[in-house]
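What follows is the content of model.tsv, which has TSV, C-alpha atoms:
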chain	number	residue	atom	x	y	z
D	1	MET	CA	2.48	-1.15	-16.73
D	2	ASP	CA	0.58	1.57	-14.91
D	3	LYS	CA	-2.00	0.68	-12.28
D	4	GLU	CA	-4.90	1.88	-14.40
D	5	LEU	CA	-4.14	-0.69	-17.09
D	6	TYR	CA	-3.44	-3.31	-14.41
D	7	PHE	CA	-6.90	-2.95	-12.89
D	8	LYS	CA	-8.52	-2.68	-16.32
D	9	LEU	CA	-7.09	-6.06	-17.36
D	10	MET	CA	-7.98	-7.63	-14.02
D	11	GLY	CA	-11.52	-6.25	-14.32
D	12	GLU	CA	-11.89	-7.54	-17.87
D	13	THR	CA	-10.88	-11.05	-16.79
D	14	SER	CA	-13.13	-10.89	-13.73
D	15	GLU	CA	-16.23	-9.84	-15.68
D	16	ILE	CA	-15.87	-12.84	-17.97
D	17	THR	CA	-15.25	-15.39	-15.22
D	18	ASP	CA	-17.90	-13.93	-12.88
D	19	GLN	CA	-20.53	-14.36	-15.58
D	20	ILE	CA	-19.46	-17.94	-16.25
D	21	ILE	CA	-19.83	-18.75	-12.55
D	22	ILE	CA	-23.27	-17.14	-12.28
D	23	ASP	CA	-24.50	-18.82	-15.48
D	24	THR	CA	-23.18	-22.21	-14.35
D	25	ILE	CA	-25.11	-21.99	-11.07
D	26	ARG	CA	-28.33	-20.79	-12.71
D	27	LYS	CA	-28.30	-23.63	-15.24
D	28	ARG	CA	-28.09	-26.25	-12.50
D	29	PHE	CA	-30.18	-24.95	-9.61
D	30	ASN	CA	-33.38	-23.11	-8.77
D	31	GLY	CA	-35.34	-22.02	-5.72
D	32	GLN	CA	-33.67	-21.67	-2.35
D	33	LEU	CA	-30.57	-23.64	-3.31
D	34	GLU	CA	-29.96	-21.36	-6.29
D	35	HIS	CA	-30.30	-18.35	-3.98
D	36	LEU	CA	-27.80	-19.82	-1.51
D	37	MET	CA	-25.35	-20.76	-4.26
D	38	LEU	CA	-25.52	-17.31	-5.90
D	39	GLU	CA	-25.34	-15.19	-2.77
D	40	LEU	CA	-21.56	-14.77	-2.60
D	41	PRO	CA	-20.76	-14.91	-6.37
D	42	GLN	CA	-23.33	-12.19	-7.11
D	43	LYS	CA	-22.15	-10.04	-4.23
D	44	ARG	CA	-18.56	-10.25	-5.46
D	45	ALA	CA	-19.56	-9.64	-9.08
D	46	GLU	CA	-21.68	-6.60	-8.19
D	47	SER	CA	-18.89	-5.11	-6.08
D	48	GLY	CA	-16.92	-4.50	-9.27
D	49	LYS	CA	-13.71	-5.44	-7.50
D	50	PRO	CA	-11.33	-7.35	-9.81
D	51	LYS	CA	-10.40	-10.90	-8.84
D	52	LEU	CA	-6.74	-11.85	-8.57
D	53	ARG	CA	-6.82	-15.61	-9.15
D	54	PRO	CA	-8.33	-15.67	-12.67
D	55	ALA	CA	-5.94	-12.87	-13.65
D	56	ILE	CA	-2.91	-14.76	-12.31
D	57	PHE	CA	-4.01	-17.77	-14.38
D	58	ARG	CA	-4.46	-15.63	-17.50
D	59	PHE	CA	-1.10	-13.89	-17.24
D	60	THR	CA	0.98	-16.92	-16.28
D	61	TYR	CA	-0.52	-18.59	-19.37
D	62	GLU	CA	0.41	-15.56	-21.50
D	63	ILE	CA	3.89	-15.05	-20.02
D	64	ALA	CA	4.63	-18.66	-20.99
D	65	GLY	CA	3.61	-18.01	-24.60
D	66	GLY	CA	-0.11	-18.71	-24.55
D	67	LYS	CA	-1.97	-16.67	-27.18
D	68	TYR	CA	-5.71	-16.88	-26.51
D	69	TRP	CA	-6.60	-17.26	-22.87
D	70	ARG	CA	-10.35	-17.22	-23.50
D	71	ARG	CA	-10.08	-20.68	-24.99
D	72	TYR	CA	-9.55	-21.69	-21.36
D	73	GLU	CA	-11.87	-19.18	-19.68
D	74	ASN	CA	-13.78	-21.97	-17.93
D	75	ILE	CA	-10.55	-23.05	-16.24
D	76	ALA	CA	-10.01	-19.44	-15.14
D	77	ALA	CA	-13.57	-19.44	-13.77
D	78	ALA	CA	-12.90	-22.75	-12.04
D	79	MET	CA	-10.09	-21.07	-10.08
D	80	GLU	CA	-12.46	-18.39	-8.80
D	81	MET	CA	-15.26	-20.89	-8.12
D	82	LEU	CA	-12.85	-22.91	-6.01
D	83	ASN	CA	-11.82	-19.71	-4.25
D	84	LEU	CA	-15.48	-18.95	-3.49
D	85	SER	CA	-15.87	-22.39	-1.93
D	86	THR	CA	-12.98	-21.70	0.45
D	87	TYR	CA	-14.53	-18.36	1.47
D	88	VAL	CA	-17.85	-20.02	2.26
D	89	LEU	CA	-16.12	-22.75	4.27
D	90	ASN	CA	-14.17	-20.09	6.14
D	91	TYR	CA	-17.46	-18.35	7.03
D	92	VAL	CA	-18.40	-21.49	8.91
D	93	LEU	CA	-15.06	-22.22	10.56
D	94	ASP	CA	-14.47	-18.63	11.69
D	95	ASP	CA	-18.07	-17.67	12.52
D	96	LYS	CA	-18.01	-14.88	9.94
D	97	GLY	CA	-20.93	-12.52	10.44
D	98	GLY	CA	-21.39	-13.62	14.04
D	99	GLU	CA	-23.15	-16.59	15.61
D	100	LYS	CA	-25.57	-18.41	13.29
D	101	PRO	CA	-28.29	-21.05	13.60
D	102	LYS	CA	-27.21	-24.63	12.91
D	103	GLN	CA	-29.26	-24.82	9.71
D	104	GLN	CA	-27.49	-21.81	8.24
D	105	ARG	CA	-24.09	-23.28	9.09
D	106	ASN	CA	-25.11	-26.58	7.54
D	107	ASN	CA	-26.29	-24.81	4.39
D	108	GLU	CA	-22.99	-22.96	4.08
D	109	CYS	CA	-21.09	-26.26	4.32
D	110	ILE	CA	-23.32	-27.73	1.60
D	111	VAL	CA	-22.81	-24.69	-0.66
D	112	SER	CA	-19.04	-24.93	-0.22
D	113	MET	CA	-19.02	-28.61	-1.20
D	114	ILE	CA	-21.20	-28.03	-4.28
D	115	GLN	CA	-19.07	-25.10	-5.40
D	116	ARG	CA	-15.98	-27.30	-5.27
D	117	GLU	CA	-17.67	-29.86	-7.49
D	118	LEU	CA	-18.83	-27.16	-9.92
D	119	ALA	CA	-15.24	-25.90	-10.09
D	120	GLN	CA	-14.17	-29.42	-11.08
D	121	GLN	CA	-16.82	-29.51	-13.81
D	122	LEU	CA	-15.64	-26.16	-15.19
D	123	LEU	CA	-12.14	-27.58	-15.30
D	124	ILE	CA	-13.40	-30.54	-17.33
D	125	THR	CA	-15.28	-28.25	-19.76
D	126	ASP	CA	-12.05	-26.80	-21.16
D	127	GLY	CA	-10.02	-29.90	-20.37
D	128	THR	CA	-11.30	-31.38	-23.64
D	129	ASN	CA	-9.00	-28.89	-25.43
D	130	LEU	CA	-5.94	-30.41	-23.76
D	131	SER	CA	-3.87	-33.55	-24.17
D	132	PHE	CA	-4.64	-36.34	-21.73
D	133	ASN	CA	-1.29	-35.93	-19.94
D	134	ASP	CA	-1.70	-32.17	-19.61
D	135	TYR	CA	-5.19	-32.61	-18.22
D	136	LEU	CA	-3.95	-35.11	-15.63
D	137	ALA	CA	-1.16	-32.71	-14.60
D	138	ILE	CA	-3.69	-29.88	-14.18
D	139	ASP	CA	-6.20	-32.05	-12.34
D	140	LYS	CA	-3.49	-33.14	-9.91
D	141	ARG	CA	-2.67	-29.52	-9.10
D	142	PHE	CA	-6.35	-28.68	-8.77
D	143	SER	CA	-6.66	-31.43	-6.18
D	144	GLU	CA	-3.60	-30.10	-4.36
D	145	ILE	CA	-5.27	-26.69	-4.12
D	146	ASN	CA	-8.18	-28.35	-2.33
D	147	ILE	CA	-5.89	-30.29	-0.02
D	148	PHE	CA	-3.88	-27.24	1.00
D	149	THR	CA	-6.43	-24.42	0.98
D	150	SER	CA	-9.48	-26.20	2.36
D	151	GLY	CA	-7.47	-28.76	4.32
D	152	ILE	CA	-3.93	-28.23	5.56
D	153	GLY	CA	-4.10	-24.44	5.57
D	154	GLN	CA	-7.38	-24.42	7.49
D	155	TYR	CA	-5.98	-27.03	9.91
D	156	LEU	CA	-2.93	-24.89	10.62
D	157	ASP	CA	-5.15	-21.83	10.96
D	158	GLY	CA	-7.40	-23.60	13.46
D	159	ASN	CA	-4.79	-25.43	15.52
D	160	HIS	CA	-1.38	-23.73	15.34
D	161	LEU	CA	0.02	-20.30	16.31
D	162	ARG	CA	-1.69	-20.37	19.70
D	163	SER	CA	1.44	-19.20	21.52
D	164	ILE	CA	4.76	-17.52	20.74
D	165	GLU	CA	7.42	-20.16	20.04
D	166	ASP	CA	11.00	-19.71	18.83
D	167	ASN	CA	9.98	-20.82	15.32
D	168	TYR	CA	6.88	-18.59	15.22
D	169	VAL	CA	7.73	-16.77	11.97
D	170	ASP	CA	8.43	-20.03	10.11
D	171	GLU	CA	5.14	-21.49	11.34
D	172	TYR	CA	3.25	-18.34	10.41
D	173	VAL	CA	4.65	-18.40	6.88
D	174	ARG	CA	3.79	-22.11	6.59
D	175	ARG	CA	0.21	-21.33	7.53
D	176	CYS	CA	0.07	-18.48	4.95
D	177	GLU	CA	1.53	-20.83	2.38
D	178	GLY	CA	-1.15	-23.41	3.15
D	179	LEU	CA	-4.06	-20.98	3.02
D	180	THR	CA	-3.11	-18.99	-0.09
D	181	GLY	CA	0.47	-19.61	-1.21
D	182	LYS	CA	-0.07	-23.09	-2.60
D	183	PHE	CA	-3.28	-21.94	-4.32
D	184	MET	CA	-1.35	-19.28	-6.26
D	185	GLN	CA	1.55	-21.65	-6.94
D	186	TYR	CA	-0.66	-24.24	-8.59
D	187	ILE	CA	-2.69	-21.64	-10.51
D	188	SER	CA	0.57	-20.33	-11.97
D	189	GLU	CA	1.78	-23.81	-12.86
D	190	ILE	CA	-1.54	-24.65	-14.53
D	191	GLY	CA	-1.19	-21.54	-16.71
D	192	GLY	CA	2.24	-22.76	-17.77
D	193	ILE	CA	1.12	-26.33	-18.46
D	194	ILE	CA	-1.63	-25.14	-20.80
D	195	ALA	CA	0.84	-22.85	-22.60
D	196	GLY	CA	3.26	-25.75	-23.08
D	197	SER	CA	5.99	-24.67	-20.64
D	198	PRO	CA	8.98	-26.98	-20.17
D	199	GLU	CA	9.74	-28.22	-16.65
D	200	GLU	CA	12.19	-25.41	-15.79
D	201	GLU	CA	9.63	-22.75	-16.69
D	202	LEU	CA	6.96	-24.51	-14.63
D	203	LYS	CA	9.26	-24.44	-11.61
D	204	LYS	CA	9.81	-20.71	-12.06
D	205	LEU	CA	6.08	-20.06	-12.48
D	206	GLY	CA	5.36	-22.04	-9.32
D	207	ARG	CA	8.08	-20.18	-7.45
D	208	PHE	CA	6.56	-16.91	-8.62
D	209	GLY	CA	3.01	-17.90	-7.64
D	210	ILE	CA	3.65	-19.09	-4.11
D	211	ASN	CA	5.20	-15.76	-3.11
D	212	PRO	CA	2.33	-13.37	-4.01
D	213	GLY	CA	0.05	-15.98	-2.46
D	214	ILE	CA	1.88	-15.66	0.85
D	215	LEU	CA	1.86	-11.86	0.46
D	216	VAL	CA	-1.91	-11.79	-0.08
D	217	GLN	CA	-2.47	-13.78	3.11
D	218	ILE	CA	-0.16	-11.56	5.18
D	219	ILE	CA	-1.97	-8.45	3.96
D	220	ASN	CA	-5.37	-10.08	4.51
D	221	ASP	CA	-4.33	-10.81	8.10
D	222	LEU	CA	-3.37	-7.16	8.46
D	223	GLY	CA	-6.88	-6.19	7.34
D	224	ASP	CA	-8.35	-7.96	10.38
D	225	TYR	CA	-6.82	-5.24	12.55
D	226	CYS	CA	-8.24	-2.31	10.59
D	227	PRO	CA	-11.16	-0.27	11.89
D	228	SER	CA	-14.42	-0.65	10.00
D	229	LYS	CA	-13.99	2.94	8.87
D	230	ALA	CA	-11.12	5.37	8.56
D	231	GLY	CA	-12.72	8.78	8.55
D	232	LYS	CA	-15.83	8.47	6.36
D	233	GLN	CA	-14.40	5.72	4.17
D	234	SER	CA	-15.23	2.04	4.69
D	235	VAL	CA	-11.92	0.20	4.49
D	236	GLY	CA	-12.08	-2.91	6.62
D	237	LYS	CA	-14.54	-5.59	7.52
D	238	VAL	CA	-17.72	-5.52	9.55
D	239	TYR	CA	-17.07	-5.57	13.30
D	240	GLN	CA	-18.04	-9.24	13.72
D	241	ASP	CA	-15.42	-10.26	11.15
D	242	GLN	CA	-12.60	-8.13	12.53
D	243	TYR	CA	-9.97	-9.72	14.78
D	244	SER	CA	-11.53	-13.06	13.81
D	245	ASP	CA	-8.30	-15.08	13.89
D	246	LEU	CA	-7.22	-13.65	17.25
D	247	ARG	CA	-10.68	-14.09	18.76
D	248	HIS	CA	-10.50	-17.73	17.65
D	249	GLY	CA	-7.09	-18.09	19.29
D	250	CYS	CA	-4.78	-17.69	16.27
D	251	ILE	CA	-1.90	-15.25	16.71
D	252	THR	CA	-1.27	-13.70	13.29
D	253	TYR	CA	1.67	-11.40	12.63
D	254	PRO	CA	0.15	-8.09	13.90
D	255	ALA	CA	-0.69	-9.70	17.25
D	256	TYR	CA	2.77	-11.31	17.36
D	257	ILE	CA	4.36	-7.86	17.02
D	258	VAL	CA	2.40	-6.56	20.01
D	259	LEU	CA	3.05	-9.69	22.11
D	260	THR	CA	6.80	-9.53	21.51
D	261	GLN	CA	7.37	-5.77	21.52
D	262	GLY	CA	4.46	-4.13	23.35
D	263	THR	CA	4.16	-2.88	26.90
D	264	LYS	CA	2.83	-5.13	29.63
D	265	GLU	CA	-0.59	-3.48	29.32
D	266	GLU	CA	-0.63	-3.90	25.53
D	267	LYS	CA	0.27	-7.57	25.82
D	268	GLU	CA	-2.52	-8.06	28.34
D	269	THR	CA	-4.97	-6.47	25.90
D	270	VAL	CA	-4.00	-9.02	23.23
D	271	LYS	CA	-4.49	-11.84	25.73
D	272	ARG	CA	-7.98	-10.57	26.61
D	273	VAL	CA	-8.96	-10.69	22.94
D	274	GLN	CA	-7.27	-14.01	22.14
D	275	ASN	CA	-9.67	-16.95	22.17
D	276	ASN	CA	-12.54	-14.70	23.26
D	277	LEU	CA	-15.41	-14.48	20.77
D	278	LYS	CA	-17.05	-11.86	22.99
D	279	ALA	CA	-14.00	-9.61	23.23
D	280	THR	CA	-14.98	-5.96	23.65
D	281	GLU	CA	-14.61	-3.53	20.79
D	282	GLU	CA	-12.41	-1.34	22.99
D	283	ASP	CA	-9.96	-4.21	23.65
D	284	CYS	CA	-9.88	-5.08	19.96
D	285	LEU	CA	-9.13	-1.50	18.99
D	286	GLY	CA	-6.52	-1.44	21.75
D	287	VAL	CA	-4.60	-4.15	19.89
D	288	THR	CA	-4.70	-2.03	16.73
D	289	ARG	CA	-3.50	1.07	18.57
D	290	ALA	CA	-0.59	-0.90	20.03
D	291	PHE	CA	0.27	-2.28	16.59
D	292	THR	CA	0.35	1.20	15.03
D	293	ARG	CA	2.36	2.62	17.94
D	294	LEU	CA	4.99	-0.04	17.28
D	295	LYS	CA	5.08	0.96	13.59
D	296	GLY	CA	3.65	-2.43	12.71
D	297	CYS	CA	2.99	-1.61	9.05
D	298	GLN	CA	6.68	-0.89	8.50
D	299	GLN	CA	7.51	-4.25	10.10
D	300	VAL	CA	5.01	-6.03	7.85
D	301	LYS	CA	6.55	-4.35	4.80
D	302	LYS	CA	10.00	-5.46	5.93
D	303	MET	CA	8.80	-9.04	6.38
D	304	THR	CA	7.28	-9.15	2.89
D	305	ARG	CA	10.40	-7.96	1.03
D	306	LYS	CA	11.77	-11.49	0.90
D	307	PHE	CA	8.68	-12.79	-0.92
D	308	VAL	CA	8.67	-9.88	-3.38
D	309	LYS	CA	12.36	-10.49	-4.15
D	310	GLU	CA	11.86	-14.22	-4.75
D	311	ALA	CA	8.84	-13.61	-6.98
D	312	LYS	CA	10.66	-11.02	-9.10
D	313	GLU	CA	13.67	-13.30	-9.48
D	314	ALA	CA	11.38	-16.06	-10.76
D	315	LEU	CA	10.06	-13.73	-13.49
D	316	GLU	CA	13.51	-12.82	-14.79
D	317	MET	CA	13.78	-15.82	-17.12
D	318	PHE	CA	10.72	-14.69	-19.10
D	319	PRO	CA	10.97	-12.06	-21.87
D	320	LYS	CA	9.49	-8.64	-21.15
D	321	SER	CA	5.79	-8.49	-21.99
D	322	GLU	CA	2.48	-7.06	-20.82
D	323	ALA	CA	1.86	-10.32	-18.96
D	324	ARG	CA	5.18	-10.07	-17.11
D	325	ASP	CA	4.43	-6.45	-16.23
D	326	PHE	CA	1.05	-7.50	-14.81
D	327	LEU	CA	2.59	-10.20	-12.63
D	328	SER	CA	5.24	-7.77	-11.40
D	329	VAL	CA	2.68	-5.07	-10.57
D	330	SER	CA	0.62	-7.62	-8.61
D	331	LEU	CA	3.44	-7.63	-6.04
D	332	SER	CA	2.89	-3.96	-5.19
D	333	ILE	CA	0.35	-5.05	-2.57
D	334	SER	CA	3.34	-5.40	-0.24
D	335	ARG	CA	4.07	-1.66	-0.51
D	336	THR	CA	0.69	-0.02	-0.88
D	337	ASN	CA	-2.87	-1.12	-0.11
D	338	LYS	CA	-6.00	0.21	1.58
D	339	PHE	CA	-5.13	-1.39	4.92
D	340	TYR	CA	-1.86	0.52	5.25
D	341	GLU	CA	-3.74	3.73	4.55
D	342	ALA	CA	-6.46	2.90	7.10
D	343	LEU	CA	-3.96	2.06	9.81
D	344	ARG	CA	-1.98	5.21	9.05
D	345	ARG	CA	-5.06	7.22	10.08
D	346	ILE	CA	-5.28	5.64	13.53

Can the structure in the file be given as structure tokens, please?
Amino acid sequence: MDKELYFKLMGETSEITDQIIIDTIRKRFNGQLEHLMLELPQKRAESGKPKLRPAIFRFTYEIAGGKYWRRYENIAAAMEMLNLSTYVLNYVLDDKGGEKPKQQRNNECIVSMIQRELAQQLLITDGTNLSFNDYLAIDKRFSEINIFTSGIGQYLDGNHLRSIEDNYVDEYVRRCEGLTGKFMQYISEIGGIIAGSPEEELKKLGRFGINPGILVQIINDLGDYCPSKAGKQSVGKVYQDQYSDLRHGCITYPAYIVLTQGTKEEKETVKRVQNNLKATEEDCLGVTRAFTRLKGCQQVKKMTRKFVKEAKEALEMFPKSEARDFLSVSLSISRTNKFYEALRRI
């Protein structure tokens, strides 16, 4: 499958699920609460960027033999609605966008909680098309997504990786697994359950899903160290959102590379940024310069090969199809993405 078709199919799925999410909110709310609930979904819909989670659900369903994914489009939308709720919660926990008044933080917490409940209701909408046992199996996995992504993953993100220990890499992967890996694992398994996969297929789908989930988190962490612009192109995040994990004390893999391989001065720069919400832009960019000097992107690519290999091996039991091609192409994020290109220009 070429990338043009890959993004076309992702975009098609995203347009359908984005509209379901927007319509669901508008039917239930009005006034200021409607505005707050719609702010992020509309922004993401208008960006035109395809969403990975609904597409992973669609294509794990199809790779397992499912024939008409739109019969379960509300479940696909539920995945993205749940994802939105985790983004909003993360805005609060990581002070995204800078320091905010208490009322705004409270409102963001409320929006996140409501979005989670709306995701559950979307799940129920199409759950009537399923057997009771299949619905229970899906609901259990949906709950596990909440536990890991909004719970355990966020706990690890907020409390672990504060120093370099001998088991750092294992702990870092566990945190990535909690934030995103388990989300993708359970999405993939839900696709298989709906398609009627036997237990062995479900295990393979779950094994596939957890690996691109970990990859996505590793690459997202890399994006924190990108400049807001590379040349004239906007590639990263606004300045207040950059280096967010490190400024909150969390040593993600790029910072780990500098702390274990950098010069004394480079290591000191990382320490000035770590746990310092008012870290200077010059110090933050100094961490990025050190990372690129150490050929950090090549080290990230090397780290991710294991997860790509495991994901591809999990797909081998399924016959060749457009759905399998899509899932395979989704792993290319480990080799090429906008953050690599931005960091190459430093």

Problem - Residues near Glu117 (chain D), cut-off 12 Å, only C-alpha atoms, skip fewer than 3 positions along chain, as an MDAnalysis selection string - result: chainID D and resid 24:25 78:79 81:82 84:85 110:114 120:124 142:143 146

Fill in the blank from the handout: Closest of D:Ala311, D:Tyr6, D:Ile22, D:Leu205 to Glu46 (chain D), counting only C-alpha atoms, is D:Ile22

Quick one: which region 225-340 of chain D residues come within 7 Å of region 62-74 of chain D, and what is the nearest atom pair for each with the distance in Å to one decimal, counting all atoms listed in the file, rows ordered by chain and ascending number, as JSON lines?
{"residue": "D:Phe318", "atom": "CA", "partner": "D:Ile63", "partner_atom": "CA", "distance": 6.9}
{"residue": "D:Ala323", "atom": "CA", "partner": "D:Ile63", "partner_atom": "CA", "distance": 5.3}
{"residue": "D:Arg324", "atom": "CA", "partner": "D:Ile63", "partner_atom": "CA", "distance": 5.9}

Could you save the residues just selected, with C-alpha atoms, as a PDB file, keeping the file's coordinate frame?
ATOM      1  CA  PHE D 318      10.720 -14.690 -19.100  1.00  0.00           C
ATOM      2  CA  ALA D 323       1.860 -10.320 -18.960  1.00  0.00           C
ATOM      3  CA  ARG D 324       5.180 -10.070 -17.110  1.00  0.00           C
TER       4      ARG D 324
END

Put the listed atoms of region 256-269 of chain D in a box along x, y and z with 4 Å added on every side and give me the centre and edge lengths in Å to one decimal, as lines of an AutoDock Vina configuration file.
center_x = 1.2
center_y = -7.1
center_z = 23.3
size_x = 20.3
size_y = 16.4
size_z = 20.6

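Shortest separation to Glu313 (chain D) among D:Asn167, D:Asn211, D:Thr269, D:Ser197 occurs at residue D:Asn211, atoms counted being all atoms listed in the file.
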
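Take the candidates D:Pro319, D:Pro198, D:Gly192, D:Gly262 and check each one against Ala290 (chain D) using only C-alpha atoms; the shortest distance goes to D:Gly262.
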
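Remark: for Phe148 (chain D), the closest of the candidate residues D:Gln115, D:Ser332, D:Asn106, D:Thr86 is D:Thr86 (distances computed over all atoms listed in the file).
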
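The shortest atom-to-atom distance to Tyr256 (chain D), with all atoms listed in the file taken into account, belongs to D:Ile164 out of D:Ile164, D:Cys109, D:Ile194, D:Cys297.
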
Handout entry: Nearby residues (all atoms listed in the file) at most 12 Å from Ala55 (chain D), same-chain spacing under 4 positions excluded, as number ranges by chain
Key = D: 6-17, 50-51, 59-63, 69-70, 73, 75-77, 79-80, 184, 187-188, 191, 209, 323-324, 326-327, 330

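Here CA of Val92 (chain D) is placed at a distance of 11.9 Å from CA of Ser244 (chain D).
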
Practice task
Please identify all polymer residues within 10 Å of Arg141 (chain D), counting only C-alpha atoms, omitting same-chain residues fewer than 2 positions from it, and present them as number ranges by chain.
Solution key: D: 135-139, 143-147, 182-183, 185-187, 189-190

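With only C-alpha atoms as the atoms that count, the residue of D:Leu202, D:Leu277, D:Ile333, D:Ala195 with the shortest distance to Arg58 (chain D) is D:Ala195.
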
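Note that CA of Phe208 (chain D) and CA of Gln298 (chain D) are 23.4 Å apart.
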
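Between CA of Asn337 (chain D) and CA of Gly223 (chain D) the interatomic distance comes to 9.9 Å.
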
Practice task
Starting from the point (-23.0, -23.1, 6.8), work out which residues of protein, DNA or RNA have an atom no more than 12 Å away when counting all atoms listed in the file; state them as a PyMOL selection string.
Solution key: chain D and resi 36-37+85-97+99-113

Exercise for the section: Within 12 Å of Lys309 (chain D), counting all atoms listed in the file, which residues show up once you throw out same-chain ones fewer than 4 positions away? Write them as number ranges by chain, please. Expected result: D: 207-208, 211-212, 215, 302-305, 313-316, 328, 331-332, 334

For region 51-68 of chain D, where the input has fewer atoms than it should, I would like N, CA and C atoms rebuilt and written as a short mmCIF file (atom, residue, chain, number, x, y, z; two decimals), in the coordinates of the input.
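Full text of out-v5.cif as output:
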data_model
loop_
_atom_site.label_atom_id
_atom_site.label_comp_id
_atom_site.auth_asym_id
_atom_site.auth_seq_id
_atom_site.Cartn_x
_atom_site.Cartn_y
_atom_site.Cartn_z
N LYS D 51 -10.82 -9.69 -9.53
CA LYS D 51 -10.40 -10.90 -8.84
C LYS D 51 -8.98 -11.28 -9.25
N LEU D 52 -8.15 -11.60 -8.29
CA LEU D 52 -6.74 -11.85 -8.57
C LEU D 52 -6.49 -13.22 -9.20
N ARG D 53 -7.16 -14.25 -8.72
CA ARG D 53 -6.82 -15.61 -9.15
C ARG D 53 -7.03 -15.86 -10.65
N PRO D 54 -8.19 -15.49 -11.22
CA PRO D 54 -8.33 -15.67 -12.67
C PRO D 54 -7.29 -14.88 -13.45
N ALA D 55 -6.94 -13.69 -12.95
CA ALA D 55 -5.94 -12.87 -13.65
C ALA D 55 -4.56 -13.50 -13.57
N ILE D 56 -4.20 -14.07 -12.43
CA ILE D 56 -2.91 -14.76 -12.31
C ILE D 56 -2.86 -15.93 -13.29
N PHE D 57 -3.96 -16.68 -13.40
CA PHE D 57 -4.01 -17.77 -14.38
C PHE D 57 -3.80 -17.23 -15.79
N ARG D 58 -4.55 -16.19 -16.14
CA ARG D 58 -4.46 -15.63 -17.50
C ARG D 58 -3.04 -15.19 -17.82
N PHE D 59 -2.39 -14.49 -16.92
CA PHE D 59 -1.10 -13.89 -17.24
C PHE D 59 0.08 -14.86 -17.07
N THR D 60 -0.07 -15.90 -16.27
CA THR D 60 0.98 -16.92 -16.28
C THR D 60 0.88 -17.73 -17.57
N TYR D 61 -0.33 -17.94 -18.06
CA TYR D 61 -0.52 -18.59 -19.37
C TYR D 61 0.12 -17.74 -20.47
N GLU D 62 -0.10 -16.43 -20.44
CA GLU D 62 0.41 -15.56 -21.50
C GLU D 62 1.92 -15.34 -21.40
N ILE D 63 2.44 -15.26 -20.17
CA ILE D 63 3.89 -15.05 -20.02
C ILE D 63 4.66 -16.26 -20.55
N ALA D 64 4.00 -17.42 -20.51
CA ALA D 64 4.63 -18.66 -20.99
C ALA D 64 4.40 -18.88 -22.49
N GLY D 65 3.78 -17.92 -23.15
CA GLY D 65 3.61 -18.01 -24.60
C GLY D 65 2.22 -18.32 -25.07
N GLY D 66 1.27 -18.46 -24.15
CA GLY D 66 -0.11 -18.71 -24.55
C GLY D 66 -0.70 -17.51 -25.28
N LYS D 67 -1.51 -17.75 -26.30
CA LYS D 67 -1.97 -16.67 -27.18
C LYS D 67 -3.44 -16.29 -27.01
N TYR D 68 -4.28 -17.20 -26.55
CA TYR D 68 -5.71 -16.88 -26.51
C TYR D 68 -6.31 -17.48 -25.25
#
